[in-house]
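A.B. asks: Structure: coords.cif, mmCIF, C-alpha atoms.
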```cif
data_protein
#
loop_
_atom_site.label_atom_id
_atom_site.label_comp_id
_atom_site.auth_asym_id
_atom_site.auth_seq_id
_atom_site.Cartn_x
_atom_site.Cartn_y
_atom_site.Cartn_z
CA ALA A 26 0.00 0.00 0.00
CA ALA A 27 2.87 2.34 0.81
CA ASN A 28 4.36 1.58 -2.59
CA ASP A 29 1.00 2.28 -4.25
CA ALA A 30 0.90 5.70 -2.58
CA ALA A 31 4.44 6.47 -3.77
CA TRP A 32 3.59 5.52 -7.35
CA LYS A 33 0.43 7.64 -7.16
CA GLU A 34 2.58 10.60 -6.07
CA VAL A 35 4.78 10.15 -9.14
CA ALA A 36 1.71 10.31 -11.38
CA ASP A 37 0.22 13.29 -9.51
CA ALA A 38 3.59 15.08 -9.42
CA ALA A 39 3.92 14.73 -13.18
CA VAL A 40 0.61 16.54 -13.63
CA THR A 41 1.71 19.23 -11.16
CA VAL A 42 5.05 19.99 -12.80
CA LEU A 43 4.16 19.72 -16.51
CA PRO A 44 3.05 23.39 -16.82
CA PHE A 45 6.36 24.46 -15.21
CA ILE A 46 8.37 22.23 -17.56
CA GLU A 47 6.60 23.49 -20.67
CA LYS A 48 6.97 27.13 -19.65
CA HIS A 49 10.71 26.84 -19.01
CA PHE A 50 11.90 24.17 -21.44
CA GLY A 51 9.36 24.02 -24.27
CA GLU A 52 6.06 22.36 -25.05
CA TYR A 53 5.78 18.57 -24.93
CA PRO A 54 4.40 17.68 -28.39
CA TYR A 55 2.83 14.28 -27.69
CA LYS A 56 -0.42 13.24 -26.03
CA GLN A 57 1.12 10.76 -23.61
CA TYR A 58 4.13 10.02 -21.43
CA SER A 59 4.43 6.81 -19.41
CA PHE A 60 6.38 5.80 -16.30
CA ILE A 61 6.73 2.01 -16.47
CA LEU A 62 7.86 -0.26 -13.63
CA GLY A 63 10.92 -2.15 -14.87
CA GLY A 64 14.63 -2.06 -15.53
CA ASP A 65 17.35 -1.66 -12.92
CA GLY A 66 17.13 2.04 -12.09
CA GLY A 67 15.83 4.55 -14.57
CA MET A 68 16.22 4.49 -18.35
CA GLU A 69 14.74 7.00 -20.76
CA TYR A 70 12.96 6.17 -24.00
CA PRO A 71 10.83 8.26 -26.35
CA MET A 72 7.50 8.94 -24.58
CA ALA A 73 8.36 6.61 -21.67
CA THR A 74 10.84 5.66 -19.00
CA LEU A 75 11.49 2.34 -17.34
CA ILE A 76 11.91 3.00 -13.64
CA SER A 77 12.57 0.40 -10.96
CA GLY A 78 10.92 2.30 -8.11
CA PRO A 79 8.73 5.34 -7.41
CA SER A 80 11.58 7.85 -7.00
CA LEU A 81 10.46 11.38 -7.84
CA GLY A 82 13.98 12.60 -8.60
CA THR A 83 14.61 9.72 -10.99
CA ALA A 84 11.21 10.20 -12.60
CA PHE A 85 11.82 13.91 -13.18
CA HIS A 86 15.33 13.24 -14.52
CA GLU A 87 14.25 10.57 -17.01
CA TRP A 88 11.27 12.66 -18.10
CA MET A 89 13.50 15.65 -18.86
CA HIS A 90 15.52 13.38 -21.16
CA SER A 91 12.51 13.63 -23.47
CA TRP A 92 13.67 17.19 -24.13
CA TYR A 93 17.47 16.87 -24.20
CA GLN A 94 17.89 13.35 -25.57
CA MET A 95 14.73 12.53 -27.47
CA MET A 96 13.46 15.79 -28.97
CA LEU A 97 16.70 17.75 -29.25
CA ALA A 98 18.50 14.46 -29.96
CA THR A 99 22.06 15.44 -29.08
CA ASN A 100 24.66 12.75 -29.82
CA GLU A 101 25.19 11.48 -26.28
CA SER A 102 28.47 9.74 -27.14
CA MET A 103 29.98 13.00 -28.37
CA TYR A 104 28.17 15.50 -26.12
CA ALA A 105 27.11 13.59 -23.01
CA TRP A 106 27.20 16.86 -21.01
CA MET A 107 24.57 18.40 -23.32
CA ASP A 108 22.22 15.49 -22.62
CA GLU A 109 22.90 14.32 -19.06
CA GLY A 110 24.08 17.76 -17.90
CA PHE A 111 21.18 19.76 -19.31
CA THR A 112 18.79 17.04 -18.08
CA SER A 113 20.30 17.18 -14.58
CA TYR A 114 20.01 20.97 -14.58
CA ALA A 115 16.34 20.73 -15.57
CA GLU A 116 15.71 17.97 -13.00
CA GLY A 117 17.06 20.26 -10.27
CA LEU A 118 14.68 23.04 -11.22
CA VAL A 119 11.67 20.73 -11.58
CA SER A 120 12.38 19.02 -8.23
CA ALA A 121 12.76 22.36 -6.45
CA PHE A 122 9.57 23.66 -8.01
CA TYR A 123 7.64 20.55 -6.95
CA LYS A 124 8.87 20.85 -3.35
CA GLN A 125 7.87 24.50 -3.25
CA LYS A 126 4.48 23.79 -4.82
CA LYS A 127 3.84 21.01 -2.33
CA ALA A 128 4.88 23.27 0.57
CA GLY A 129 2.51 25.99 -0.67
CA LEU A 130 5.33 28.46 -1.32
CA VAL A 131 4.39 29.04 -4.97
CA SER A 132 1.03 29.12 -6.68
CA GLY A 133 1.80 29.52 -10.40
CA THR A 134 4.59 28.16 -12.57
CA GLU A 135 7.51 30.19 -11.22
CA LEU A 136 10.31 28.83 -9.05
CA LEU A 137 11.39 30.75 -5.96
CA ALA A 138 15.10 30.31 -6.72
CA ASP A 139 16.37 30.91 -3.21
CA PRO A 140 13.58 30.65 -0.63
CA ALA A 141 15.88 31.64 2.23
CA LYS A 142 16.33 35.09 0.70
CA ALA A 143 12.59 35.65 0.73
CA GLY A 144 12.21 34.66 4.38
CA GLN A 145 11.12 31.16 3.46
CA PRO A 146 12.43 27.91 4.99
CA ALA A 147 16.15 27.47 4.33
CA ASP A 148 15.80 23.70 3.93
CA LEU A 149 14.89 24.24 0.28
CA PRO A 150 18.44 24.66 -1.03
CA LEU A 151 19.59 26.39 -4.18
CA TYR A 152 18.56 23.95 -6.86
CA GLN A 153 22.01 23.30 -8.36
CA ASP A 154 24.07 22.84 -5.17
CA ASP A 155 24.67 19.13 -5.86
CA SER A 156 25.97 19.83 -9.36
CA TYR A 157 28.48 22.40 -8.14
CA ALA A 158 29.60 20.05 -5.35
CA GLY A 159 30.05 17.25 -7.88
CA TYR A 160 32.13 19.47 -10.13
CA PHE A 161 34.31 20.73 -7.25
CA ASN A 162 34.92 17.12 -6.13
CA LEU A 163 35.90 16.21 -9.68
CA VAL A 164 38.48 19.01 -9.76
CA LYS A 165 39.90 17.94 -6.39
CA SER A 166 40.15 14.31 -7.51
CA GLY A 167 42.70 15.09 -10.21
CA LEU A 168 40.78 12.79 -12.56
CA GLU A 169 39.01 15.46 -14.63
CA GLU A 170 39.09 15.19 -18.41
CA PRO A 171 37.69 17.72 -20.92
CA LEU A 172 34.00 17.52 -21.76
CA THR A 173 35.06 16.95 -25.40
CA THR A 174 36.22 13.44 -24.41
CA HIS A 175 34.12 10.76 -26.13
CA ALA A 176 31.82 9.07 -23.59
CA ASP A 177 33.44 5.67 -24.25
CA HIS A 178 36.98 6.92 -23.73
CA PHE A 179 37.10 8.53 -20.29
CA ASN A 180 39.78 6.90 -18.13
CA THR A 181 37.35 6.43 -15.22
CA ASN A 182 33.61 6.08 -14.82
CA TYR A 183 33.83 8.69 -12.07
CA ALA A 184 35.32 11.31 -14.39
CA TYR A 185 32.68 10.55 -17.03
CA SER A 186 29.71 10.77 -14.67
CA GLN A 187 30.82 13.94 -12.89
CA ALA A 188 31.71 15.62 -16.18
CA ALA A 189 28.52 14.64 -17.97
CA TYR A 190 26.05 15.19 -15.13
CA SER A 191 27.63 17.76 -12.79
CA LYS A 192 29.91 19.89 -14.98
CA GLY A 193 27.28 19.81 -17.74
CA ALA A 194 24.62 21.12 -15.35
CA VAL A 195 26.96 23.82 -14.03
CA PHE A 196 27.49 24.94 -17.64
CA LEU A 197 23.86 26.15 -17.69
CA ALA A 198 23.70 27.42 -14.10
CA GLN A 199 26.90 29.42 -14.65
CA LEU A 200 25.66 30.70 -18.01
CA GLY A 201 23.01 32.52 -15.95
CA TYR A 202 25.81 34.28 -14.10
CA ILE A 203 27.43 35.34 -17.38
CA ILE A 204 24.40 36.54 -19.38
CA SER A 205 21.73 36.74 -16.58
CA ASP A 206 19.33 34.02 -15.48
CA SER A 207 16.48 35.57 -17.48
CA LEU A 208 18.43 35.51 -20.78
CA ARG A 209 19.69 31.99 -20.03
CA ASP A 210 16.07 30.90 -19.55
CA LYS A 211 15.11 32.59 -22.83
CA THR A 212 18.06 30.85 -24.50
CA LEU A 213 16.79 27.42 -23.42
CA LEU A 214 13.38 28.09 -24.98
CA GLU A 215 14.92 29.45 -28.20
CA TYR A 216 17.29 26.48 -28.33
CA TYR A 217 14.36 24.08 -28.08
CA LYS A 218 12.37 26.01 -30.67
CA GLU A 219 15.24 26.26 -33.16
CA TRP A 220 16.93 22.87 -32.75
CA ARG A 221 14.19 20.37 -31.88
CA PHE A 222 14.62 17.16 -33.92
CA LYS A 223 17.85 18.47 -35.51
CA HIS A 224 20.75 16.96 -33.47
CA PRO A 225 22.47 20.15 -32.22
CA ASN A 226 26.09 20.30 -31.12
CA ALA A 227 27.83 22.62 -28.65
CA ASN A 228 28.37 25.38 -31.23
CA ASP A 229 24.66 25.39 -32.06
CA PHE A 230 23.67 25.94 -28.44
CA VAL A 231 26.30 28.64 -27.88
CA ARG A 232 25.21 30.49 -31.02
CA VAL A 233 21.61 30.62 -29.76
CA ALA A 234 22.83 32.02 -26.43
CA GLU A 235 24.91 34.64 -28.26
CA LYS A 236 21.96 35.77 -30.37
CA VAL A 237 19.66 35.98 -27.35
CA SER A 238 22.15 37.82 -25.13
CA GLY A 239 24.19 39.90 -27.58
CA ILE A 240 27.31 38.61 -25.79
CA GLN A 241 30.19 36.65 -27.34
CA LEU A 242 30.42 33.23 -25.70
CA ASP A 243 32.90 31.23 -27.78
CA TRP A 244 35.47 31.73 -24.99
CA TYR A 245 33.09 30.17 -22.44
CA LYS A 246 32.69 27.04 -24.53
CA GLU A 247 36.44 26.95 -25.23
CA TYR A 248 37.46 27.04 -21.54
CA TRP A 249 34.60 25.13 -19.91
CA VAL A 250 34.11 22.41 -22.53
CA ASN A 251 37.47 22.02 -24.28
CA THR A 252 39.80 22.35 -21.27
CA THR A 253 39.98 21.51 -17.57
CA LYS A 254 41.15 25.01 -16.60
CA THR A 255 39.48 26.28 -13.43
CA ILE A 256 38.12 29.55 -12.04
CA ASP A 257 39.59 31.17 -8.95
CA TYR A 258 39.28 34.87 -8.21
CA ALA A 259 40.31 36.58 -4.97
CA ILE A 260 40.06 39.92 -3.20
CA ASP A 261 43.70 41.01 -3.20
CA SER A 262 43.85 44.35 -1.35
CA LEU A 263 42.05 47.64 -0.71
CA TRP A 264 43.12 51.14 0.20
CA GLU A 265 41.68 54.62 0.55
CA GLN A 266 42.73 57.75 -1.30
CA ASN A 267 41.00 61.14 -1.31
CA GLY A 268 37.93 59.72 0.41
CA LYS A 269 37.49 56.95 -2.19
CA THR A 270 38.23 53.25 -1.83
CA SER A 271 40.26 51.26 -4.35
CA ILE A 272 39.69 47.51 -4.49
CA ARG A 273 42.13 45.21 -6.24
CA LEU A 274 41.03 41.76 -7.40
CA LYS A 275 43.31 38.93 -8.45
CA MET A 276 42.81 36.21 -11.06
CA ILE A 277 44.43 33.06 -9.64
CA GLY A 278 42.75 30.43 -11.83
CA GLN A 279 43.34 30.04 -15.55
CA MET A 280 39.77 30.56 -16.74
CA PRO A 281 38.60 34.18 -17.17
CA MET A 282 35.13 35.28 -16.11
CA PRO A 283 33.09 38.46 -15.70
CA ILE A 284 32.96 39.53 -12.07
CA ASP A 285 30.13 40.67 -9.79
CA VAL A 286 31.34 42.21 -6.53
CA MET A 287 28.75 42.78 -3.80
CA LEU A 288 29.60 45.78 -1.61
CA GLN A 289 27.74 46.14 1.69
CA TYR A 290 28.03 49.40 3.61
CA LYS A 291 27.65 50.21 7.28
CA ASP A 292 24.46 52.17 6.64
CA GLY A 293 22.79 48.98 5.35
CA SER A 294 22.93 49.91 1.66
CA LYS A 295 24.40 47.67 -1.06
CA GLU A 296 25.98 48.10 -4.46
CA ILE A 297 27.15 45.65 -7.10
CA ALA A 298 30.38 46.42 -8.92
CA TYR A 299 30.10 44.69 -12.29
CA ILE A 300 33.24 44.06 -14.34
CA PRO A 301 32.55 42.46 -17.73
CA GLN A 302 35.18 40.21 -19.29
CA LEU A 303 36.77 41.83 -22.37
CA ILE A 304 36.27 38.78 -24.59
CA MET A 305 32.49 38.97 -23.98
CA PHE A 306 32.25 42.14 -26.11
CA GLY A 307 29.14 43.07 -24.15
CA GLN A 308 27.59 43.05 -20.71
CA LYS A 309 24.73 41.31 -18.99
CA PRO A 310 21.64 43.34 -18.03
CA GLN A 311 21.09 44.37 -14.44
CA GLU A 312 19.48 41.43 -12.67
CA ASP A 313 17.73 42.96 -9.67
CA ALA A 314 17.01 46.23 -7.90
CA THR A 315 20.44 46.44 -6.21
CA PRO A 316 22.26 49.55 -7.56
CA ARG A 317 24.94 48.51 -10.04
CA LEU A 318 28.20 50.20 -11.00
CA VAL A 319 29.54 49.07 -14.40
CA PHE A 320 33.31 49.24 -14.88
CA ASP A 321 35.61 48.81 -17.87
CA PRO A 322 36.11 45.20 -18.97
CA TRP A 323 38.82 43.08 -17.37
CA LYS A 324 41.36 42.03 -19.98
CA TRP A 325 41.76 38.27 -19.61
CA THR A 326 45.55 38.51 -19.97
CA HIS A 327 45.87 40.73 -16.87
CA PRO A 328 46.32 38.99 -13.48
CA THR A 329 44.88 41.88 -11.43
CA TYR A 330 42.14 44.48 -11.78
CA THR A 331 41.57 47.59 -9.65
CA PHE A 332 38.35 49.57 -9.40
CA GLU A 333 37.31 52.51 -7.25
CA VAL A 334 34.10 53.25 -5.35
CA ASN A 335 33.06 56.64 -4.08
CA LYS A 336 32.98 55.55 -0.44
CA ASN A 337 35.24 55.97 2.55
CA LEU A 338 37.00 52.72 3.45
CA MET A 339 35.62 52.85 7.00
CA ASN A 340 32.07 52.85 5.58
CA ILE A 341 32.48 49.45 3.92
CA LYS A 342 31.16 46.48 5.89
CA SER A 343 31.90 43.62 3.47
CA ILE A 344 33.11 42.85 -0.05
CA GLU A 345 32.21 39.61 -1.82
CA ILE A 346 32.98 38.25 -5.28
CA ASP A 347 29.90 36.51 -6.75
CA ALA A 348 27.56 36.64 -3.76
CA THR A 349 25.06 34.46 -5.68
CA GLN A 350 27.66 31.66 -5.93
CA ARG A 351 26.73 30.88 -9.52
CA MET A 352 30.36 31.18 -10.65
CA ALA A 353 32.13 27.83 -10.19
CA ASP A 354 35.04 29.33 -8.27
CA ILE A 355 37.05 26.40 -6.88
CA ASN A 356 38.21 28.35 -3.80
CA ARG A 357 35.50 30.53 -2.31
CA LYS A 358 37.49 31.20 0.87
CA ASN A 359 39.24 34.14 -0.82
CA ASN A 360 36.03 35.61 -2.26
CA LYS A 361 34.74 37.47 0.77
CA LEU A 362 36.23 40.08 3.09
CA GLU A 363 34.38 41.09 6.26
CA LEU A 364 35.54 44.46 7.62
CA ASN A 365 34.87 44.55 11.33
CA TRP A 366 35.92 48.12 12.09
#
```
Could you spell out this file's structure in structure tokens?
C.D. replies:
Amino acid sequence: AANDAAWKEVADAAVTVLPFIEKHFGEYPYKQYSFILGGDGGMEYPMATLISGPSLGTAFHEWMHSWYQMMLATNESMYAWMDEGFTSYAEGLVSAFYKQKKAGLVSGTELLADPAKAGQPADLPLYQDDSYAGYFNLVKSGLEEPLTTHADHFNTNYAYSQAAYSKGAVFLAQLGYIISDSLRDKTLLEYYKEWRFKHPNANDFVRVAEKVSGIQLDWYKEYWVNTTKTIDYAIDSLWEQNGKTSIRLKMIGQMPMPIDVMLQYKDGSKEIAYIPQLIMFGQKPQEDATPRLVFDPWKWTHPTYTFEVNKNLMNIKSIEIDATQRMADINRKNNKLELNW
């Protein structure tokens, strides 16, 4: 009976989340989708999945394969990260939405991305935490291979699975940091609309994102997909001159990125210092109501970058690189400076 209830929840959950899926990833074109008891875990097929037990996470994951494996039909041997990674990213969003819907936190088809920031329970984590953790563990293992590696030719199953599932999912989550979450979401819908049933490759996806955002992204694909170079930025030093504060940042890792710096002041106000990356040839739109200062682009060949804010040093409470933690910085310990004057 308990098993019957769990299977009923899978069926009911599918009905609950379908409007969310279609709004964010594209319309499902068929009249039916089936979850079938069988197999040894979960395995996706067109219009169905074989699933060995009533696991919601597995059900959502295999269902999202209908978009990224069946309808977009990426070659999974060549671009496993575009199938498993994009599917894992979507699964994270769908699972988070379902939890919030069930808890009565949302009423429509929008996901409250970080409930804790809206005074909601903090036990609904940011929806991609597991993917970032998987990627960071892969880097620490020393076993990482480029995402361009053919699925059959990774040296270890661990490197394959973390690259395909975790690093592939982070590709999309981090794209939101680079071009804004809203334009990343628009990119996913345009990608589905333009490339459904056409077997897209990595260049095809990146070109859609470039057209939607007006930002050059070939460098992002080059570093994230073709290499194992990592991101690590740090707050280097700060000093005051003529009543203004200079802040110097340092690029320690080998992969360049645009930088958001959250500045919190003693009076409770906040500002974001936004430094585009030169090779973007553009900038992302402002993402929220926090006042934003836009600075000249950081040239990727330069190890340090200094910017100035029109505030006395003693008025600054904290400085943090990428407060949203969407950038996959492998050492976040050097990202934040608390000034306890």
A.B. asks: Applying 8 Å and all atoms listed in the file, which residues near A:Gly63 remain after dropping the ones on its own chain fewer than 5 positions away? List them as an NGL selection string.
C.D. replies: :A and (75-77)
A.B. asks: What does the distance between atom CA of A:Lys324 and atom CA of A:Ser205 come to in Å, to one decimal place?
C.D. replies: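 The value is 20.6 Å.
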A.B. asks: Using the chain letters and numbers from this file, what does the PyMOL selection byres ((chain A and resi 61) around 12) select? Give the answer as a count of residues only.
C.D. replies: 26
A.B. asks: Could you tell me which residues the PyMOL selection byres ((chain A and resi 330) around 7) returns for this structure, as number ranges by chain?
C.D. replies: A: 273-275, 323, 329, 331-332
A.B. asks: Name the closest residue to A:Gly307 among the candidates A:Glu170, A:Ile204, A:Trp244, A:Ile272; distances are taken between atoms, counting all atoms listed in the file.
C.D. replies: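 Checking each of A:Glu170, A:Ile204, A:Trp244, A:Ile272 against A:Gly307, counting all atoms listed in the file, the winner is A:Ile204.
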A.B. asks: Evaluate the PyMOL selection byres ((chain A and resi 362) around 10) here and jot the selected residues down as a PDB file with C-alpha atoms, in the frame of the given file.
C.D. replies:
```
ATOM      1  CA  ALA A 259      40.310  36.580  -4.970  1.00  0.00           C
ATOM      2  CA  ILE A 260      40.060  39.920  -3.200  1.00  0.00           C
ATOM      3  CA  ASP A 261      43.700  41.010  -3.200  1.00  0.00           C
ATOM      4  CA  SER A 262      43.850  44.350  -1.350  1.00  0.00           C
ATOM      5  CA  LEU A 288      29.600  45.780  -1.610  1.00  0.00           C
ATOM      6  CA  LYS A 342      31.160  46.480   5.890  1.00  0.00           C
ATOM      7  CA  SER A 343      31.900  43.620   3.470  1.00  0.00           C
ATOM      8  CA  ILE A 344      33.110  42.850  -0.050  1.00  0.00           C
ATOM      9  CA  GLU A 345      32.210  39.610  -1.820  1.00  0.00           C
ATOM     10  CA  ILE A 346      32.980  38.250  -5.280  1.00  0.00           C
ATOM     11  CA  LYS A 358      37.490  31.200   0.870  1.00  0.00           C
ATOM     12  CA  ASN A 359      39.240  34.140  -0.820  1.00  0.00           C
ATOM     13  CA  ASN A 360      36.030  35.610  -2.260  1.00  0.00           C
ATOM     14  CA  LYS A 361      34.740  37.470   0.770  1.00  0.00           C
ATOM     15  CA  GLU A 363      34.380  41.090   6.260  1.00  0.00           C
ATOM     16  CA  LEU A 364      35.540  44.460   7.620  1.00  0.00           C
ATOM     17  CA  ASN A 365      34.870  44.550  11.330  1.00  0.00           C
TER      18      ASN A 365
END
```
A.B. asks: Hey, can you pull every residue with an atom no more than 9 Å from (24.7, 39.9, -5.2), using all atoms listed in the file, and send it as a list in words?
C.D. replies: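 Using all atoms listed in the file, the matching residues come out as Asp285, Val286, Met287, Leu288, Lys295, Glu296, Ile297, Asp313, Thr315, Glu345, Ile346, Asp347, Ala348, Thr349 and Gln350 of chain A.
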A.B. asks: Could you tell me how far atom CA of A:Asn162 sits from atom CA of A:Phe111, in Å to one decimal place?
C.D. replies: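 Those two atoms sit 19.2 Å apart.
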A.B. asks: Name the residues in contact with stretch 178-193 of chain A at a cut-off of 7 Å, using only C-alpha atoms, excluding same-chain residues fewer than 3 positions from it; report them as a ChimeraX atom specification.
C.D. replies: /A:105-107,109-111,113,156-157,159-160,163,168-170,172,174-175,196
A.B. asks: Applying 12 Å and only C-alpha atoms, which residues near A:Gly117 remain after dropping the ones on its own chain fewer than 6 positions away? List them as an mmCIF file with C-alpha atoms, in the coordinates of the input.
C.D. replies:
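Saved as selection_25.cif:
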```cif
data_model
loop_
_atom_site.group_PDB
_atom_site.id
_atom_site.type_symbol
_atom_site.label_atom_id
_atom_site.label_comp_id
_atom_site.auth_asym_id
_atom_site.auth_seq_id
_atom_site.Cartn_x
_atom_site.Cartn_y
_atom_site.Cartn_z
ATOM 1 C CA ILE A 46 8.370 22.230 -17.560
ATOM 2 C CA LEU A 81 10.460 11.380 -7.840
ATOM 3 C CA GLY A 82 13.980 12.600 -8.600
ATOM 4 C CA THR A 83 14.610 9.720 -10.990
ATOM 5 C CA ALA A 84 11.210 10.200 -12.600
ATOM 6 C CA PHE A 85 11.820 13.910 -13.180
ATOM 7 C CA HIS A 86 15.330 13.240 -14.520
ATOM 8 C CA MET A 89 13.500 15.650 -18.860
ATOM 9 C CA GLY A 110 24.080 17.760 -17.900
ATOM 10 C CA PHE A 111 21.180 19.760 -19.310
ATOM 11 C CA TYR A 123 7.640 20.550 -6.950
ATOM 12 C CA LYS A 124 8.870 20.850 -3.350
ATOM 13 C CA LEU A 136 10.310 28.830 -9.050
ATOM 14 C CA ALA A 138 15.100 30.310 -6.720
ATOM 15 C CA LEU A 149 14.890 24.240 0.280
ATOM 16 C CA PRO A 150 18.440 24.660 -1.030
ATOM 17 C CA LEU A 151 19.590 26.390 -4.180
ATOM 18 C CA TYR A 152 18.560 23.950 -6.860
ATOM 19 C CA GLN A 153 22.010 23.300 -8.360
ATOM 20 C CA ASP A 154 24.070 22.840 -5.170
ATOM 21 C CA ASP A 155 24.670 19.130 -5.860
ATOM 22 C CA SER A 156 25.970 19.830 -9.360
ATOM 23 C CA TYR A 157 28.480 22.400 -8.140
ATOM 24 C CA TYR A 190 26.050 15.190 -15.130
ATOM 25 C CA SER A 191 27.630 17.760 -12.790
ATOM 26 C CA ALA A 194 24.620 21.120 -15.350
ATOM 27 C CA VAL A 195 26.960 23.820 -14.030
ATOM 28 C CA LEU A 197 23.860 26.150 -17.690
ATOM 29 C CA ALA A 198 23.700 27.420 -14.100
#
```
A.B. asks: Just to confirm, what's the straight-line distance from atom CA of A:Tyr290 to atom CA of A:Thr270 in Å (one decimal)?
C.D. replies: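 These two atoms are separated by 12.2 Å.
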A.B. asks: Near A:Ile284, within 9 Å and counting only C-alpha atoms, which residues show up once chain neighbours fewer than 6 positions away are dropped, as a list in words?
C.D. replies: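 Neighbouring residues, sequence-local ones excluded: Ile203, Tyr258, Ala298, Tyr299, Ile300, Pro301, Gln302, Trp323, Ile346, Asp347 and Met352 of chain A.
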A.B. asks: Hey, which of A:Leu43, A:Val334, A:Ile240, A:Ile341 ends up closest to A:Ile304? Count all atoms listed in the file.
C.D. replies: A:Ile240
A.B. asks: Applying 12 Å and all atoms listed in the file, which residues near stretch 212-219 of chain A remain after dropping the ones on its own chain fewer than 6 positions away? List them as an NGL selection string.
C.D. replies: :A and (46-54 or 91-99 or 107 or 111-112 or 114-115 or 197-198 or 200-201 or 204-206 or 225-239)
A.B. asks: Nearest to A:Asn251: which of A:Pro281, A:Gly129, A:Pro171, A:Pro44 is it, counting only C-alpha atoms?
C.D. replies: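 Among the listed residues, the smallest separation from A:Asn251 belongs to A:Pro171.
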A.B. asks: Point out the residue among A:Tyr202, A:Tyr55, A:Phe320, A:Phe45 with the least atom-to-atom distance to A:Tyr245, counting only C-alpha atoms.
C.D. replies: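 Closest residue, counting only C-alpha atoms: A:Tyr202.
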A.B. asks: May I ask which of the residues A:Glu101, A:Asp257, A:Glu116, A:Asp29 is the closest one to A:Pro328, counting only C-alpha atoms?
C.D. replies: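 Among the listed residues, A:Asp257 lies closest to A:Pro328.
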